[in-house]
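Asks: Just so it is clear, I am handing over coords_23.tsv, which has TSV, C-alpha atoms.
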chain	number	residue	atom	x	y	z
A	1	MET	CA	0.00	0.00	0.00
A	2	LYS	CA	1.40	3.38	-0.99
A	3	ILE	CA	0.63	6.39	1.14
A	4	ALA	CA	1.44	9.88	-0.10
A	5	ARG	CA	1.54	13.13	1.80
A	6	ARG	CA	1.99	16.73	0.66
A	7	PHE	CA	2.93	19.56	2.99
A	8	ALA	CA	2.96	23.30	2.65
A	9	ILE	CA	6.25	25.12	2.90
A	10	VAL	CA	6.98	26.28	6.42
A	11	VAL	CA	9.67	28.95	6.76
A	12	LEU	CA	11.41	28.82	10.11
A	13	MET	CA	13.97	31.13	11.63
A	14	LEU	CA	16.51	28.92	13.35
A	15	SER	CA	18.60	30.27	16.18
A	16	PRO	CA	22.23	31.04	15.23
A	17	ASP	CA	23.55	28.30	17.50
A	18	PHE	CA	21.32	25.60	15.95
A	19	ALA	CA	23.80	23.59	13.91
A	20	ILE	CA	22.69	21.05	11.32
A	21	ALA	CA	24.99	18.89	9.25
A	22	ALA	CA	22.65	17.93	6.42
A	23	ASP	CA	19.85	19.32	4.26
A	24	LEU	CA	17.34	16.97	5.87
A	25	PHE	CA	17.12	17.04	9.64
A	26	GLU	CA	14.96	16.33	12.68
A	27	GLN	CA	13.76	18.95	15.13
A	28	ASP	CA	11.31	18.31	17.95
A	29	GLY	CA	10.31	14.98	16.38
A	30	SER	CA	9.50	16.44	12.95
A	31	ILE	CA	11.52	16.24	9.73
A	32	PHE	CA	12.58	19.39	7.86
A	33	HIS	CA	14.50	20.18	4.69
A	34	ARG	CA	16.66	23.31	4.41
A	35	ASN	CA	17.50	24.55	0.93
A	36	GLU	CA	20.51	26.59	-0.19
A	37	ARG	CA	18.74	29.87	0.62
A	38	GLY	CA	18.17	28.83	4.21
A	39	GLU	CA	14.44	28.25	3.79
A	40	VAL	CA	13.19	25.38	5.92
A	41	GLN	CA	10.38	23.15	4.68
A	42	GLN	CA	8.51	20.67	6.85
A	43	MET	CA	8.45	17.21	5.26
A	44	SER	CA	6.69	15.07	7.88
A	45	ALA	CA	3.56	15.09	9.96
A	46	GLY	CA	3.37	14.33	13.65
A	47	GLN	CA	6.28	13.53	15.94
A	48	ASN	CA	8.46	10.51	16.75
A	49	ASN	CA	10.43	10.98	13.52
A	50	THR	CA	14.20	10.35	13.52
A	51	GLY	CA	17.11	9.18	11.38
A	52	ALA	CA	16.78	11.79	8.62
A	53	VAL	CA	19.13	11.19	5.68
A	54	ILE	CA	19.36	12.55	2.14
A	55	SER	CA	20.61	10.78	-0.98
A	56	PRO	CA	23.88	11.97	-2.58
A	57	ASP	CA	22.01	13.25	-5.65
A	58	ARG	CA	19.61	15.22	-3.40
A	59	LYS	CA	16.58	13.59	-5.08
A	60	TRP	CA	15.41	11.54	-2.10
A	61	GLY	CA	15.29	11.78	1.63
A	62	ALA	CA	14.36	9.16	4.19
A	63	TYR	CA	13.42	9.04	7.85
A	64	ILE	CA	12.01	6.66	10.45
A	65	HIS	CA	8.63	7.19	12.06
A	66	ALA	CA	8.24	5.27	15.32
A	67	ASP	CA	4.90	3.82	16.36
A	68	GLU	CA	3.79	5.85	19.37
A	69	THR	CA	2.06	2.80	20.88
A	70	THR	CA	5.33	0.87	21.27
A	71	PRO	CA	7.57	2.54	23.88
A	72	ASP	CA	10.55	0.36	22.93
A	73	ASP	CA	10.44	1.62	19.30
A	74	SER	CA	10.27	-1.97	18.05
A	75	LEU	CA	7.57	-1.07	15.52
A	76	SER	CA	8.20	1.74	13.08
A	77	GLU	CA	8.07	2.80	9.44
A	78	ILE	CA	10.58	4.08	6.91
A	79	TRP	CA	9.29	7.00	4.86
A	80	LEU	CA	10.78	8.28	1.61
A	81	VAL	CA	10.73	11.97	0.74
A	82	ASP	CA	10.63	13.19	-2.87
A	83	MET	CA	12.72	16.34	-2.50
A	84	ALA	CA	11.39	17.98	-5.67
A	85	SER	CA	7.65	17.55	-5.04
A	86	ARG	CA	7.93	17.74	-1.23
A	87	THR	CA	5.84	14.58	-0.80
A	88	SER	CA	6.42	11.63	1.51
A	89	ARG	CA	5.37	8.00	1.18
A	90	MET	CA	5.75	5.01	3.42
A	91	ALA	CA	8.26	2.52	2.01
A	92	VAL	CA	8.78	-0.06	4.77
A	93	ARG	CA	6.51	-1.00	7.68
A	94	SER	CA	7.61	-3.06	10.66
A	95	GLN	CA	6.38	-6.61	10.91
A	96	ARG	CA	7.35	-9.39	13.26
A	97	ASP	CA	8.56	-12.70	11.85
A	98	ASP	CA	10.05	-15.81	13.46
A	99	ASP	CA	12.60	-15.96	10.63
A	100	PRO	CA	15.36	-13.47	11.57
A	101	GLU	CA	15.99	-12.69	7.90
A	102	ASN	CA	12.38	-11.63	7.42
A	103	ASN	CA	11.88	-9.87	10.74
A	104	LEU	CA	11.34	-6.13	10.34
A	105	THR	CA	11.37	-4.71	13.85
A	106	HIS	CA	13.63	-2.03	15.32
A	107	LEU	CA	14.22	-0.29	11.97
A	108	HIS	CA	17.35	1.83	12.30
A	109	ASN	CA	20.30	3.46	10.56
A	110	PRO	CA	18.95	4.25	7.06
A	111	LYS	CA	21.71	5.00	4.55
A	112	PHE	CA	21.52	5.66	0.81
A	113	SER	CA	23.81	4.03	-1.71
A	114	PRO	CA	26.13	6.48	-3.55
A	115	ASP	CA	23.95	6.32	-6.70
A	116	GLY	CA	20.79	7.04	-4.69
A	117	LYS	CA	19.01	3.96	-6.06
A	118	SER	CA	18.98	1.94	-2.84
A	119	LEU	CA	18.38	2.57	0.84
A	120	TYR	CA	20.01	0.24	3.34
A	121	PHE	CA	18.82	-0.11	6.93
A	122	THR	CA	19.26	-2.38	9.94
A	123	THR	CA	16.74	-4.46	11.87
A	124	ALA	CA	16.59	-6.71	14.91
A	125	ALA	CA	17.30	-10.34	13.99
A	126	TRP	CA	19.31	-12.88	16.01
A	127	THR	CA	20.23	-12.76	19.69
A	128	THR	CA	23.82	-11.79	18.92
A	129	SER	CA	23.37	-9.95	15.64
A	130	GLY	CA	21.05	-7.67	13.77
A	131	ALA	CA	20.42	-7.73	10.03
A	132	VAL	CA	21.01	-5.41	7.08
A	133	HIS	CA	18.27	-4.95	4.47
A	134	GLN	CA	18.20	-3.18	1.12
A	135	LEU	CA	15.27	-1.18	-0.28
A	136	ASP	CA	15.01	-0.54	-4.03
A	137	ILE	CA	13.86	3.07	-4.36
A	138	ALA	CA	12.19	2.56	-7.74
A	139	THR	CA	10.13	-0.53	-6.86
A	140	LEU	CA	9.89	-0.16	-3.05
A	141	GLN	CA	10.87	-3.82	-2.76
A	142	GLN	CA	13.14	-4.70	0.16
A	143	HIS	CA	15.17	-7.82	0.93
A	144	TYR	CA	17.62	-9.20	3.46
A	145	VAL	CA	21.31	-8.69	2.65
A	146	THR	CA	23.43	-9.94	5.55
A	147	ASP	CA	23.80	-10.20	9.30
A	148	GLY	CA	25.49	-7.26	11.00
A	149	ASN	CA	25.46	-5.01	14.04
A	150	SER	CA	26.42	-1.75	12.35
A	151	LEU	CA	26.18	-0.27	8.87
A	152	ASP	CA	28.31	2.14	6.85
A	153	ILE	CA	28.65	2.58	3.11
A	154	VAL	CA	31.77	3.34	1.08
A	155	THR	CA	31.09	6.57	-0.83
A	156	HIS	CA	34.13	6.93	-3.10
A	157	GLY	CA	36.86	4.95	-4.82
A	158	LYS	CA	37.19	1.41	-6.06
A	159	TYR	CA	34.63	0.03	-3.61
A	160	ALA	CA	32.04	2.81	-3.81
A	161	GLY	CA	28.66	1.32	-2.90
A	162	TYR	CA	30.16	-1.52	-0.87
A	163	LEU	CA	29.08	-2.01	2.74
A	164	VAL	CA	31.11	-1.95	5.93
A	165	VAL	CA	29.37	-3.87	8.75
A	166	THR	CA	30.38	-5.41	12.03
A	167	LYS	CA	30.20	-9.20	12.07
A	168	HIS	CA	29.71	-11.21	15.26
A	169	THR	CA	32.21	-14.04	14.83
A	170	TYR	CA	32.83	-17.11	17.00
A	171	LEU	CA	36.50	-17.95	17.50
A	172	ARG	CA	37.80	-21.50	17.18
A	173	GLY	CA	39.36	-21.46	20.62
A	174	GLY	CA	36.25	-20.03	22.22
A	175	GLY	CA	34.91	-16.55	22.65
A	176	THR	CA	33.58	-14.08	20.11
A	177	VAL	CA	34.74	-10.95	18.34
A	178	GLU	CA	33.03	-8.09	16.49
A	179	ASN	CA	35.10	-7.21	13.41
A	180	TYR	CA	34.45	-4.68	10.67
A	181	CYS	CA	34.03	-6.34	7.29
A	182	LEU	CA	33.86	-5.00	3.74
A	183	LEU	CA	30.97	-6.54	1.76
A	184	LYS	CA	29.67	-6.29	-1.76
A	185	PRO	CA	26.22	-4.67	-2.09
A	186	ASN	CA	24.73	-8.19	-2.22
A	187	GLY	CA	26.32	-9.09	1.12
A	188	HIS	CA	29.21	-11.23	-0.16
A	189	ARG	CA	32.29	-10.74	2.01
A	190	VAL	CA	35.41	-9.17	0.50
A	191	LYS	CA	37.68	-8.76	3.53
A	192	CYS	CA	37.58	-8.14	7.27
A	193	ALA	CA	39.68	-5.95	9.54
A	194	GLY	CA	39.79	-5.43	13.30
A	195	ASP	CA	37.25	-4.04	15.71
A	196	SER	CA	38.49	-0.46	16.15
A	197	GLU	CA	37.28	2.80	14.65
A	198	LYS	CA	40.60	2.98	12.81
A	199	ASP	CA	39.88	-0.39	11.18
A	200	LYS	CA	36.47	0.83	10.04
A	201	GLN	CA	37.88	4.03	8.57
A	202	HIS	CA	40.54	2.00	6.77
A	203	LEU	CA	37.87	-0.04	5.00
A	204	LEU	CA	35.80	3.04	4.21
A	205	THR	CA	38.58	5.20	2.78
A	206	ARG	CA	41.66	3.11	1.95
A	207	TYR	CA	40.73	2.04	-1.57
Go ahead and render the structure in this file as structure tokens.
Replies:
Amino acid sequence: MKIARRFAIVVLMLSPDFAIAADLFEQDGSIFHRNERGEVQQMSAGQNNTGAVISPDRKWGAYIHADETTPDDSLSEIWLVDMASRTSRMAVRSQRDDDPENNLTHLHNPKFSPDGKSLYFTTAAWTTSGAVHQLDIATLQQHYVTDGNSLDIVTHGKYAGYLVVTKHTYLRGGGTVENYCLLKPNGHRVKCAGDSEKDKQHLLTRY
């Protein structure tokens, strides 16, 4: 089911010390877009909206709307924003499933691919690991990609569009480790590094 919304332009005067790092941002539970002239447009209705991101080509935005009836934020929706028409539509709705690969609760961490054609996000899945899913912007079809407890996307270079996720790995001698791994967009593993922020940045920027 597709749901569309259209909102009037709302011009806000933000205080000088209100710093935002992107063109799409959250304030007081609502989602706003700020253009190059400093005009701020409201893109969402209601509150409980977070995780605002914008695609590299500035054509699409995305955010997460949490179900107000679930205090643990386990049920939520991912909404897409058409930046040109200033309309929003629901793209993914939470649903519980006994199969971890199909479970769509605790939607978090939306990130666009460098070409703006896909939106990746994380969900709850196994006891020791979450899952990464991919949404096709054109068809609004989503599917499971891989297990993982974090999500970043390489934006430039040889591996642009590849994923960097943390993998919960069991060691042969006992114990576990969470290492950052570089994956193809389809989830196939390329290489893994260590568990530090430096290791993650190496995978994101080295190549």
Asks: Looking at only C-alpha atoms, which of A:Arg96, A:Arg89, A:His106, A:His168 is the one that sits closest to Asp72 of chain A?
Replies: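 Of the candidates, the smallest distance to Asp72 of chain A is held by A:His106.
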Asks: Take atom CA of Tyr144 of chain A and atom CA of Asp97 of chain A and report the distance between them in Å, one decimal.
Replies: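 About the pair atom CA of Tyr144 of chain A and atom CA of Asp97 of chain A: they are 12.8 Å apart.
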Asks: Give me the residues near Thr127 of chain A as an NGL selection string, where near means some atom within 10 Å (using all atoms listed in the file) and where sequence neighbours in that chain fewer than 3 positions away do not count.
Replies: :A and (100 or 124 or 130)
Asks: I'd like the interatomic distance between atom CA of Tyr162 of chain A and atom CA of Lys184 of chain A, to a tenth of an Å.
Replies: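 Going from atom CA of Tyr162 of chain A over to atom CA of Lys184 of chain A covers 4.9 Å.
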Asks: Measuring between all atoms listed in the file, which one of A:Gly161, A:Gly61, A:Gly175, A:Gly51 shows the shortest distance to Ile137 of chain A?
Replies: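 When distances to Ile137 of chain A are compared using all atoms listed in the file, the smallest one comes from A:Gly61.
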Asks: Provide the atom CA of Val53 of chain A to atom CA of Asp28 of chain A distance in Å, to one decimal place.
Replies: 16.2 Å
Asks: From the list A:Thr176, A:Ser30, A:Asn186, A:Asn109, which residue is nearest Gln47 of chain A when using all atoms listed in the file?
Replies: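 Of A:Thr176, A:Ser30, A:Asn186, A:Asn109, the one nearest Gln47 of chain A, counting all atoms listed in the file, is A:Ser30.
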Asks: Take every atom of segment 149-164 of chain A listed in the file, fit an axis-aligned box around them, add 5 Å per side, and give the centre and edge lengths in Å to one decimal as lines of an AutoDock Vina configuration file.
Replies:
center_x = 31.3
center_y = 1.0
center_z = 4.0
size_x = 21.7
size_y = 21.9
size_z = 30.1
